[in-house]
file input10.cif (mmCIF, C-alpha atoms (C1' of nucleotides) and all ligand atoms)
data_my_file
#
loop_
_atom_site.label_atom_id
_atom_site.label_comp_id
_atom_site.auth_asym_id
_atom_site.auth_seq_id
_atom_site.Cartn_x
_atom_site.Cartn_y
_atom_site.Cartn_z
CA MET Z 1 67.65 108.43 -26.50
CA ASP Z 2 67.23 111.70 -24.70
CA ALA Z 3 68.89 112.44 -21.39
CA ARG Z 4 65.69 112.28 -19.38
CA THR Z 5 64.76 108.85 -20.72
CA LYS Z 6 68.29 107.61 -20.15
CA PHE Z 7 68.19 108.74 -16.54
CA TYR Z 8 64.81 107.27 -15.72
CA GLN Z 9 65.63 103.99 -17.44
CA PHE Z 10 68.69 103.82 -15.23
CA VAL Z 11 66.69 104.73 -12.14
CA GLU Z 12 64.14 102.03 -12.90
CA ARG Z 13 66.74 99.39 -13.71
CA GLN Z 14 68.39 100.04 -10.36
CA GLY Z 15 65.11 99.79 -8.44
CA LEU Z 16 65.28 103.45 -7.52
CA ARG Z 17 62.40 105.91 -7.41
CA HIS Z 18 61.16 108.82 -9.42
CA THR Z 19 61.11 111.80 -7.10
CA GLY Z 20 60.28 115.45 -7.42
CA GLN Z 21 63.75 116.46 -6.33
CA ARG Z 22 65.46 114.31 -8.96
CA GLU Z 23 63.17 115.67 -11.60
CA LYS Z 24 63.83 119.28 -10.64
CA ILE Z 25 67.57 118.80 -10.32
CA LEU Z 26 67.78 117.00 -13.65
CA THR Z 27 65.89 119.84 -15.35
CA ILE Z 28 68.34 122.39 -14.02
CA VAL Z 29 71.35 120.26 -14.89
CA LEU Z 30 70.18 119.88 -18.47
CA ALA Z 31 69.59 123.63 -18.76
CA THR Z 32 73.11 124.38 -17.55
CA GLU Z 33 75.85 124.47 -20.19
CA LYS Z 34 78.72 124.74 -17.77
CA HIS Z 35 81.02 122.58 -15.70
CA VAL Z 36 79.33 122.96 -12.33
CA SER Z 37 80.40 121.86 -8.87
CA ALA Z 38 77.86 120.44 -6.42
CA GLN Z 39 77.88 123.75 -4.57
CA GLU Z 40 77.31 125.75 -7.75
CA LEU Z 41 74.48 123.50 -8.80
CA TYR Z 42 73.02 123.69 -5.30
CA ASP Z 43 73.00 127.49 -5.60
CA LEU Z 44 71.22 127.25 -8.95
CA VAL Z 45 68.70 124.78 -7.52
CA GLN Z 46 68.07 127.01 -4.50
CA LYS Z 47 66.96 129.88 -6.75
CA LYS Z 48 63.94 127.87 -7.84
CA HIS Z 49 63.48 125.29 -5.10
CA LYS Z 50 64.33 126.47 -1.62
CA GLU Z 51 63.30 123.19 -0.06
CA ILE Z 52 65.92 121.00 -1.79
CA GLY Z 53 68.97 120.27 0.34
CA TYR Z 54 72.64 120.14 -0.53
CA ALA Z 55 72.92 116.43 0.19
CA THR Z 56 70.20 115.64 -2.32
CA VAL Z 57 71.91 117.73 -4.98
CA SER Z 58 75.18 115.97 -4.30
CA ARG Z 59 73.59 112.53 -4.33
CA THR Z 60 71.66 113.27 -7.51
CA LEU Z 61 74.80 114.42 -9.30
CA LYS Z 62 76.44 111.13 -8.42
CA LEU Z 63 73.39 109.32 -9.76
CA LEU Z 64 73.48 111.36 -12.95
CA ALA Z 65 77.12 110.44 -13.41
CA ASP Z 66 76.39 106.76 -12.78
CA SER Z 67 73.58 106.83 -15.31
CA GLY Z 68 75.81 108.35 -17.96
CA VAL Z 69 73.75 111.53 -18.25
CA CYS Z 70 76.58 113.50 -16.66
CA ARG Z 71 80.31 113.20 -16.67
CA ILE Z 72 82.57 114.10 -13.78
CA VAL Z 73 85.17 116.67 -14.73
CA ASP Z 74 88.10 117.23 -12.40
CA PHE Z 75 90.47 120.04 -13.20
CA GLY Z 76 92.65 119.20 -10.22
CA ASP Z 77 91.54 122.08 -8.02
CA GLY Z 78 89.98 119.81 -5.43
CA VAL Z 79 86.41 120.20 -6.65
CA HIS Z 80 84.42 117.73 -8.68
CA ARG Z 81 82.58 119.34 -11.53
CA TYR Z 82 79.83 117.85 -13.65
CA GLU Z 83 78.74 118.37 -17.22
CA HIS Z 84 75.74 116.81 -18.87
CA GLN Z 85 76.38 114.83 -22.02
CA TYR Z 86 73.18 115.76 -23.78
CA GLY Z 87 74.13 117.07 -27.20
CA HIS Z 88 77.82 116.78 -26.39
CA GLY Z 89 80.05 114.05 -27.72
CA HIS Z 90 83.29 113.09 -26.06
CA HIS Z 91 85.64 116.02 -25.79
CA ASP Z 92 88.65 117.24 -23.88
CA HIS Z 93 89.28 120.59 -22.23
CA LEU Z 94 91.39 123.68 -22.63
CA ILE Z 95 91.41 125.62 -19.37
CA CYS Z 96 92.54 129.21 -18.95
CA THR Z 97 94.38 129.40 -15.64
CA LYS Z 98 93.81 133.15 -15.40
CA CYS Z 99 90.10 133.67 -16.07
CA GLY Z 100 88.88 130.10 -15.67
CA MET Z 101 87.42 129.94 -19.16
CA VAL Z 102 87.01 126.40 -20.47
CA ALA Z 103 86.99 125.51 -24.15
CA GLU Z 104 85.98 122.09 -25.38
CA ILE Z 105 88.21 120.46 -27.95
CA TYR Z 106 88.03 117.35 -30.05
CA SER Z 107 90.24 115.73 -32.63
CA GLU Z 108 89.63 112.40 -34.27
CA GLU Z 109 93.35 112.21 -35.06
CA LEU Z 110 94.22 112.68 -31.40
CA GLU Z 111 91.81 109.96 -30.33
CA GLU Z 112 93.26 107.54 -32.86
CA ILE Z 113 96.82 108.07 -31.76
CA GLN Z 114 95.77 107.55 -28.18
CA SER Z 115 94.10 104.28 -29.09
CA LYS Z 116 97.25 103.09 -30.82
CA LEU Z 117 99.38 103.94 -27.78
CA VAL Z 118 97.02 102.10 -25.48
CA LYS Z 119 97.07 99.00 -27.66
CA LYS Z 120 100.85 99.09 -27.86
CA HIS Z 121 100.96 98.79 -24.08
CA GLY Z 122 98.48 95.94 -24.00
CA PHE Z 123 95.84 97.97 -22.19
CA VAL Z 124 92.11 98.03 -22.74
CA GLN Z 125 90.91 101.60 -22.51
CA THR Z 126 87.76 102.51 -20.63
CA ARG Z 127 88.07 106.29 -20.55
CA HIS Z 128 90.58 109.03 -20.85
CA LYS Z 129 90.98 112.63 -19.87
CA LEU Z 130 93.07 115.29 -21.54
CA ASP Z 131 93.24 118.67 -19.86
CA ILE Z 132 95.38 121.39 -21.37
CA PHE Z 133 96.10 124.39 -19.15
CA GLY Z 134 97.24 127.75 -20.38
CA LEU Z 135 96.05 131.24 -21.19
CA CYS Z 136 93.10 131.99 -23.43
CA SER Z 137 93.28 134.51 -26.27
CA LYS Z 138 91.91 137.26 -24.00
CA CYS Z 139 94.33 136.58 -21.15
CA LYS Z 140 97.54 135.76 -22.97
CA THR Z 141 98.73 139.32 -23.69
CA MET W 1 121.59 120.30 -14.00
CA ASP W 2 120.93 117.57 -11.52
CA ALA W 3 117.86 117.50 -9.34
CA ARG W 4 119.70 118.31 -6.14
CA THR W 5 121.35 121.40 -7.63
CA LYS W 6 118.06 122.51 -9.11
CA PHE W 7 116.35 122.24 -5.74
CA TYR W 8 119.01 124.08 -3.78
CA GLN W 9 119.30 126.81 -6.37
CA PHE W 10 115.57 127.28 -6.00
CA VAL W 11 115.79 127.24 -2.23
CA GLU W 12 118.54 129.86 -2.27
CA ARG W 13 116.81 132.05 -4.81
CA GLN W 14 113.71 132.10 -2.60
CA GLY W 15 115.69 132.98 0.52
CA LEU W 16 114.86 129.64 2.08
CA ARG W 17 117.19 127.45 4.13
CA HIS W 18 119.08 124.26 3.65
CA THR W 19 117.88 121.91 6.35
CA GLY W 20 118.53 118.32 7.31
CA GLN W 21 114.91 117.38 6.79
CA ARG W 22 114.80 118.77 3.26
CA GLU W 23 118.00 116.98 2.41
CA LYS W 24 116.78 113.64 3.74
CA ILE W 25 113.37 113.92 2.13
CA LEU W 26 114.89 114.91 -1.21
CA THR W 27 117.19 111.89 -1.10
CA ILE W 28 114.27 109.55 -0.55
CA VAL W 29 112.15 111.23 -3.22
CA LEU W 30 114.93 110.86 -5.78
CA ALA W 31 115.36 107.19 -4.88
CA THR W 32 111.66 106.50 -5.37
CA GLU W 33 110.53 105.62 -8.89
CA LYS W 34 106.82 105.73 -8.14
CA HIS W 35 103.93 108.13 -8.00
CA VAL W 36 103.78 108.65 -4.26
CA SER W 37 101.24 110.45 -2.10
CA ALA W 38 102.36 112.56 0.85
CA GLN W 39 101.29 109.76 3.17
CA GLU W 40 103.19 107.13 1.20
CA LEU W 41 106.31 109.24 1.16
CA TYR W 42 105.91 109.96 4.86
CA ASP W 43 105.86 106.20 5.49
CA LEU W 44 109.05 105.80 3.45
CA VAL W 45 110.70 108.66 5.30
CA GLN W 46 109.69 107.22 8.67
CA LYS W 47 111.59 104.00 7.96
CA LYS W 48 114.87 105.90 8.02
CA HIS W 49 114.11 109.06 9.96
CA LYS W 50 111.61 108.61 12.78
CA GLU W 51 111.96 112.24 13.83
CA ILE W 52 110.60 113.81 10.63
CA GLY W 53 106.94 114.80 10.80
CA TYR W 54 104.16 114.51 8.26
CA ALA W 55 103.77 118.27 7.90
CA THR W 56 107.40 118.61 6.89
CA VAL W 57 107.09 115.89 4.29
CA SER W 58 103.99 117.54 2.91
CA ARG W 59 105.59 120.99 2.85
CA THR W 60 108.75 119.68 1.25
CA LEU W 61 106.78 117.96 -1.50
CA LYS W 62 105.11 121.25 -2.29
CA LEU W 63 108.51 122.90 -2.37
CA LEU W 64 109.85 120.18 -4.66
CA ALA W 65 106.93 120.75 -6.98
CA ASP W 66 107.48 124.51 -6.96
CA SER W 67 111.15 124.03 -7.75
CA GLY W 68 110.38 121.80 -10.70
CA VAL W 69 112.14 118.78 -9.22
CA CYS W 70 108.80 117.04 -8.79
CA ARG W 71 105.55 117.10 -10.64
CA ILE W 72 102.13 116.74 -9.06
CA VAL W 73 100.15 113.88 -10.51
CA ASP W 74 96.44 113.67 -9.78
CA PHE W 75 94.57 110.58 -10.92
CA GLY W 76 91.29 111.94 -9.61
CA ASP W 77 91.09 109.70 -6.55
CA GLY W 78 91.32 112.58 -4.12
CA VAL W 79 95.02 112.19 -3.39
CA HIS W 80 97.87 114.26 -4.75
CA ARG W 81 100.74 112.17 -5.97
CA TYR W 82 104.25 113.30 -6.79
CA GLU W 83 106.89 112.04 -9.17
CA HIS W 84 110.40 113.37 -9.48
CA GLN W 85 111.48 114.54 -12.91
CA TYR W 86 115.08 113.41 -12.64
CA GLY W 87 115.82 111.31 -15.69
CA HIS W 88 112.20 111.50 -16.84
CA GLY W 89 111.02 113.68 -19.69
CA HIS W 90 107.42 114.76 -20.05
CA HIS W 91 105.07 111.84 -20.26
CA ASP W 92 101.44 110.92 -19.77
CA HIS W 93 99.89 108.03 -17.88
CA LEU W 94 98.05 104.80 -18.49
CA ILE W 95 96.34 103.71 -15.28
CA CYS W 96 94.94 100.26 -14.58
CA THR W 97 91.74 100.75 -12.63
CA LYS W 98 91.90 97.22 -11.25
CA CYS W 99 95.44 96.78 -9.92
CA GLY W 100 96.55 100.41 -9.87
CA MET W 101 99.49 99.81 -12.18
CA VAL W 102 100.69 102.96 -13.92
CA ALA W 103 102.52 102.95 -17.24
CA GLU W 104 104.19 106.02 -18.62
CA ILE W 105 103.55 106.86 -22.23
CA TYR W 106 104.91 109.37 -24.67
CA SER W 107 104.28 110.19 -28.29
CA GLU W 108 105.81 113.06 -30.19
CA GLU W 109 102.94 112.82 -32.66
CA LEU W 110 100.40 113.19 -29.86
CA GLU W 111 102.16 116.23 -28.47
CA GLU W 112 102.25 117.88 -31.89
CA ILE W 113 98.56 117.39 -32.52
CA GLN W 114 97.81 118.83 -29.10
CA SER W 115 99.91 121.89 -29.86
CA LYS W 116 98.05 122.43 -33.12
CA LEU W 117 94.71 122.19 -31.35
CA VAL W 118 95.78 124.67 -28.72
CA LYS W 119 96.96 127.16 -31.33
CA LYS W 120 93.74 126.78 -33.28
CA HIS W 121 91.86 127.96 -30.20
CA GLY W 122 94.19 130.91 -29.63
CA PHE W 123 95.51 129.54 -26.36
CA VAL W 124 99.04 129.59 -25.04
CA GLN W 125 99.75 126.25 -23.41
CA THR W 126 101.58 126.01 -20.10
CA ARG W 127 101.03 122.35 -19.28
CA HIS W 128 98.78 119.44 -20.06
CA LYS W 129 97.76 116.20 -18.57
CA LEU W 130 96.55 113.08 -20.35
CA ASP W 131 95.38 110.20 -18.21
CA ILE W 132 94.07 107.07 -19.86
CA PHE W 133 92.20 104.67 -17.61
CA GLY W 134 91.57 101.04 -18.39
CA LEU W 135 92.79 97.54 -17.66
CA CYS W 136 96.39 96.46 -17.99
CA SER W 137 97.44 93.32 -19.86
CA LYS W 138 97.39 91.29 -16.64
CA CYS W 139 93.97 92.46 -15.53
CA LYS W 140 92.05 92.64 -18.79
CA THR W 141 91.12 88.94 -19.10
"C1'" DG G 1 132.50 130.85 17.74
"C1'" DT G 2 128.58 133.74 19.35
"C1'" DC G 3 124.51 136.14 18.69
"C1'" DA G 4 120.22 137.98 16.95
"C1'" DG G 5 116.72 137.70 13.77
"C1'" DA G 6 114.35 134.93 10.65
"C1'" DT G 7 112.91 130.50 9.04
"C1'" DT G 8 111.67 125.74 9.85
"C1'" DT G 9 109.90 122.12 12.32
"C1'" DG G 10 106.53 118.86 14.46
"C1'" DA G 11 102.39 118.29 16.83
"C1'" DT G 12 98.05 119.33 16.33
"C1'" DA G 13 94.01 122.09 14.96
"C1'" DA G 14 91.39 123.91 11.26
"C1'" DT G 15 89.53 123.62 6.69
"C1'" DG G 16 86.58 122.17 3.06
"C1'" DG G 17 84.50 119.00 -0.18
"C1'" DA G 18 82.54 114.59 -0.23
"C1'" DT G 19 80.09 111.10 2.05
"C1'" DA G 20 77.56 108.82 5.96
"C1'" DT G 21 73.93 108.88 9.41
"C1'" DC G 22 69.34 108.86 10.90
"C1'" DA G 23 64.70 110.30 11.93
"C1'" DT G 24 61.11 111.69 9.01
"C1'" DT G 25 58.74 111.80 4.64
"C1'" DA G 26 57.62 110.10 0.02
"C1'" DT G 27 57.14 106.51 -3.38
"C1'" DC G 28 54.89 102.57 -5.29
"C1'" DA G 29 53.42 97.70 -5.94
"C1'" DA G 30 50.01 94.99 -4.15
"C1'" DT T 1 44.98 102.38 1.24
"C1'" DT T 2 48.81 100.46 3.07
"C1'" DG T 3 53.23 98.32 4.27
"C1'" DA T 4 57.81 97.93 2.79
"C1'" DT T 5 61.45 100.43 1.43
"C1'" DA T 6 63.83 104.21 -0.72
"C1'" DA T 7 64.71 109.23 -0.50
"C1'" DT T 8 65.25 113.41 1.79
"C1'" DG T 9 67.41 117.16 4.55
"C1'" DA T 10 69.93 118.50 8.44
"C1'" DT T 11 73.85 117.52 10.31
"C1'" DA T 12 77.85 114.71 11.61
"C1'" DT T 13 81.79 112.44 10.03
"C1'" DC T 14 85.59 111.56 7.08
"C1'" DC T 15 89.98 112.50 5.20
"C1'" DA T 16 93.55 114.90 2.65
"C1'" DT T 17 95.45 119.22 2.80
"C1'" DT T 18 96.69 123.43 4.92
"C1'" DA T 19 97.26 126.60 8.88
"C1'" DT T 20 98.86 127.58 13.57
"C1'" DC T 21 102.30 128.26 16.98
"C1'" DA T 22 105.85 127.43 20.39
"C1'" DA T 23 110.27 125.44 20.24
"C1'" DA T 24 114.25 124.30 17.57
"C1'" DT T 25 117.29 125.35 13.87
"C1'" DC T 26 119.67 127.96 10.45
"C1'" DT T 27 122.57 131.82 8.69
"C1'" DG T 28 124.90 136.06 8.09
"C1'" DA T 29 127.11 139.60 10.80
"C1'" DC T 30 130.23 140.48 14.26
MN MN Z 201 83.20 119.89 -21.20
MN MN Z 202 104.81 109.34 -14.30
ZN ZN Z 203 91.40 133.54 -19.84
ZN ZN Z 204 96.10 95.91 -13.78
#
call {"tool": "encode", "arguments": {"input": "input10.cif", "output": "structure tokens", "more": "lines below"}}
Ligand SMILES: [Mn+2]
Ligand SMILES: [Mn+2]
Ligand SMILES: [Zn+2]
Ligand SMILES: [Zn+2]
result
Amino acid sequence: MDARTKFYQFVERQGLRHTGQREKILTIVLATEKHVSAQELYDLVQKKHKEIGYATVSRTLKLLADSGVCRIVDFGDGVHRYEHQYGHGHHDHLICTKCGMVAEIYSEELEEIQSKLVKKHGFVQTRHKLDIFGLCSKCKT
Amino acid sequence: MDARTKFYQFVERQGLRHTGQREKILTIVLATEKHVSAQELYDLVQKKHKEIGYATVSRTLKLLADSGVCRIVDFGDGVHRYEHQYGHGHHDHLICTKCGMVAEIYSEELEEIQSKLVKKHGFVQTRHKLDIFGLCSKCKT
DNA sequence: GTCAGATTTGATAATGGATATCATTATCAA
DNA sequence: TTGATAATGATATCCATTATCAAATCTGAC
């Protein structure tokens, strides 16, 4: 199912409404291959749609996260960032602390070991988050 | 080197001063085997030392983190938590989203796979953070 | 021990991102 | 078309963290 369908199915299921603002914001979110904060997305939205307010952007991002179209990413700098999941499977992040570059990483082996650890402790896992901080190849010299 | 020595060596190296408040706060931090927020630690400190203010607790926690005696732990709920490193090696966290219970996990295998991944991407790692959220054995039924 | 200069403290104000409020506008089933 | 209700946008509020600043404390030099 594509991201748009997923979002509107969620909206309908929750008794919410299809609005021009949600449509426009969703379009911009899906076109953005970055980890954006509400403010950054608001700035992007403003370029095309001057009439859309910050609060609506913020609320729509929350809705996108609740619907599963977006994921909240928190690198611990006090800002919530969002990334859409369309065409992206689960992944973790490598973050360069100098230039801010973010690389997406995935390892089946890693996921399996995590699952084993969780089971060993009698937990049922719902989600996990691995952030690795360091210097990217350009910044490390 | 014990935690106290480590802290005071840091304090001296930075040209900072040895004060009663820092001493008292450090003692309470070292006696606390939890992941405490500034507010929670302030409450603990208040029980013994009514005269110590919140700002001092907050500042001292930052200092403890800078000195390496404590580590900042952020479970994404908008509050910084701190844990002292005395007698604890590196570890990651399993967090029960129902009761808030936190289990500490460690796997050499996991760490090695992470290192490999980081190298593959040309990064130099400085730190990492793995948080696994789910339900603990008591809450999962 | 005393002193001067610098740091620290505690109360409180400021900050900033997220969320709540509320009057107005838009959506949508009937 | 219309009434009920949700959504919007401007702004206020929240809340954890950080900054401010006068008073208190620390520390090395004497
Ligand atoms: Mn990502
Ligand atoms: Mn821990
Ligand atoms: Zn970099
Ligand atoms: Zn639990």
call {"tool": "residues_around", "arguments": {"input": "input10.cif", "residues": "range 113-123 of chain W", "least_positions_apart": "3", "cutoff": "10 Å", "atoms": "only C-alpha atoms (C1' of nucleotides)", "output": "list of chain:residue names"}}
result
Z:Leu94, Z:Ile95, Z:Cys96, Z:Ala103, Z:Glu104, Z:Ile105, Z:Tyr106, Z:Ser107, Z:Glu109, Z:Leu110, Z:Ile113, Z:Leu130, Z:Ile132, Z:Phe133, Z:Gly134, Z:Leu135, Z:Cys136, Z:Ser137, Z:Lys138, Z:Cys139, Z:Lys140, W:Glu108, W:Glu109, W:Leu110, W:Thr126, W:His128
call {"tool": "closest_residue", "arguments": {"input": "input10.cif", "among": "W:Ala65, W:Cys70, W:Val57, W:Met101", "to": "Gln21 in chain W", "atoms": "all atoms listed in the file"}}
result
W:Val57
call {"tool": "residues_near_point", "arguments": {"input": "input10.cif", "point": "(67.1, 111.1, -16.7)", "cutoff": "8 Å", "atoms": "all atoms listed in the file", "output": "number ranges by chain"}}
result
Z: 3-11, 23, 26, 64, 67, 69
call {"tool": "interface_residues", "arguments": {"input": "input10.cif", "of": "chain T", "to": "chain W", "cutoff": "9 Å", "atoms": "only C-alpha atoms (C1' of nucleotides)", "output": "MDAnalysis selection string"}}
result
chainID T and resid 16:17 25:27
call {"tool": "residues_near_ligand", "arguments": {"input": "input10.cif", "ligand": "ligand MN 201 (chain Z)", "cutoff": "10 Å", "atoms": "all atoms listed in the file", "output": "list in words"}}
result
Glu33, Lys34, His35, Arg71, Ile72, Val73, Arg81, Tyr82, Glu83, His84, Gln85, His88, Gly89, His90, His91, Asp92, His93, Leu94, Val102, Ala103, Glu104 and Ile105 of chain Z
call {"tool": "atom_distance", "arguments": {"input": "input10.cif", "atom1": "CA of Ile52 in chain Z", "atom2": "CA of Asp66 in chain Z"}}
result
20.8 Å
call {"tool": "interface_residues", "arguments": {"input": "input10.cif", "of": "chain G", "to": "chain Z", "cutoff": "12 Å", "atoms": "all atoms listed in the file", "output": "list in words"}}
result
DG16, DG17, DA18, DT19, DA20, DT21, DT25, DA26, DT27 and DC28 of chain G
call {"tool": "atom_distance", "arguments": {"input": "input10.cif", "atom1": "C1' of DC21 in chain T", "atom2": "CA of Leu41 in chain W"}}
result
25.1 Å
call {"tool": "axis_aligned_box", "arguments": {"input": "input10.cif", "around": "range 9-20 of chain Z", "padding_each_side": "6 Å", "output": "AutoDock Vina command-line options"}}
result
--center_x 64.5 --center_y 107.4 --center_z -12.3 --size_x 20.4 --size_y 28.1 --size_z 22.3
call {"tool": "closest_residue", "arguments": {"input": "input10.cif", "among": "W:Tyr86, W:Asp43, W:Lys98, W:Thr141", "to": "ligand MN 202 (chain Z)", "atoms": "only C-alpha atoms and all ligand atoms"}}
result
W:Tyr86
call {"tool": "atom_distance", "arguments": {"input": "input10.cif", "atom1": "CA of Lys24 in chain Z", "atom2": "C1' of DA10 in chain T"}}
result
20.0 Å
call {"tool": "closest_residue", "arguments": {"input": "input10.cif", "among": "Z:His49, Z:Arg127, Z:Arg13, Z:Lys62", "to": "chain W", "atoms": "all atoms listed in the file"}}
result
Z:Arg127
call {"tool": "closest_residue", "arguments": {"input": "input10.cif", "among": "Z:Gly53, Z:Gly76, Z:Gly15, Z:Gly87", "to": "chain W", "atoms": "only C-alpha atoms"}}
result
Z:Gly76
call {"tool": "build_atoms", "arguments": {"input": "input10.cif", "residues": "range 58-66 of chain W", "atoms": "all heavy atoms", "output": "compact mmCIF listing (two decimals), in the coordinates of the input"}}
result
# COMPACT_ATOMS: atom_id res chain seq x y z
N SER W 58 104.98 116.90 3.77
CA SER W 58 103.99 117.54 2.91
C SER W 58 104.50 118.88 2.37
O SER W 58 104.42 119.15 1.17
CB SER W 58 102.71 117.75 3.72
OG SER W 58 101.80 118.54 3.00
N ARG W 59 105.06 119.68 3.26
CA ARG W 59 105.59 120.99 2.85
C ARG W 59 106.75 120.84 1.88
O ARG W 59 106.88 121.61 0.92
CB ARG W 59 106.05 121.77 4.08
CG ARG W 59 104.89 122.38 4.86
CD ARG W 59 105.38 123.21 6.02
NE ARG W 59 105.96 122.41 7.08
CZ ARG W 59 105.64 122.50 8.38
NH1 ARG W 59 104.74 123.37 8.78
NH2 ARG W 59 106.23 121.74 9.27
N THR W 60 107.59 119.86 2.12
CA THR W 60 108.75 119.68 1.25
C THR W 60 108.32 119.21 -0.14
O THR W 60 108.88 119.64 -1.15
CB THR W 60 109.74 118.69 1.89
OG1 THR W 60 110.12 119.18 3.17
CG2 THR W 60 110.99 118.54 1.02
N LEU W 61 107.29 118.38 -0.20
CA LEU W 61 106.78 117.96 -1.50
C LEU W 61 106.28 119.16 -2.28
O LEU W 61 106.53 119.27 -3.48
CB LEU W 61 105.66 116.93 -1.32
CG LEU W 61 106.14 115.51 -1.09
CD1 LEU W 61 104.96 114.59 -0.76
CD2 LEU W 61 106.87 114.96 -2.32
N LYS W 62 105.58 120.05 -1.61
CA LYS W 62 105.11 121.25 -2.29
C LYS W 62 106.28 122.07 -2.82
O LYS W 62 106.27 122.55 -3.94
CB LYS W 62 104.26 122.09 -1.33
CG LYS W 62 103.70 123.35 -2.00
CD LYS W 62 102.70 124.06 -1.15
CE LYS W 62 102.12 125.31 -1.83
NZ LYS W 62 102.70 125.68 -3.14
N LEU W 63 107.31 122.16 -1.99
CA LEU W 63 108.51 122.90 -2.37
C LEU W 63 109.19 122.23 -3.58
O LEU W 63 109.65 122.91 -4.51
CB LEU W 63 109.47 122.90 -1.18
CG LEU W 63 110.30 124.15 -0.93
CD1 LEU W 63 109.40 125.37 -0.83
CD2 LEU W 63 111.11 123.98 0.36
N LEU W 64 109.25 120.92 -3.55
CA LEU W 64 109.85 120.18 -4.66
C LEU W 64 109.07 120.41 -5.94
O LEU W 64 109.65 120.54 -7.03
CB LEU W 64 109.93 118.69 -4.32
CG LEU W 64 110.99 118.33 -3.27
CD1 LEU W 64 110.80 116.90 -2.77
CD2 LEU W 64 112.39 118.49 -3.85
N ALA W 65 107.75 120.47 -5.81
CA ALA W 65 106.93 120.75 -6.98
C ALA W 65 107.17 122.17 -7.48
O ALA W 65 107.33 122.40 -8.68
CB ALA W 65 105.45 120.52 -6.65
N ASP W 66 107.24 123.12 -6.56
CA ASP W 66 107.48 124.51 -6.96
C ASP W 66 108.83 124.69 -7.63
O ASP W 66 108.99 125.53 -8.51
CB ASP W 66 107.39 125.43 -5.74
CG ASP W 66 105.97 125.54 -5.19
OD1 ASP W 66 105.02 125.14 -5.91
OD2 ASP W 66 105.79 126.00 -4.05
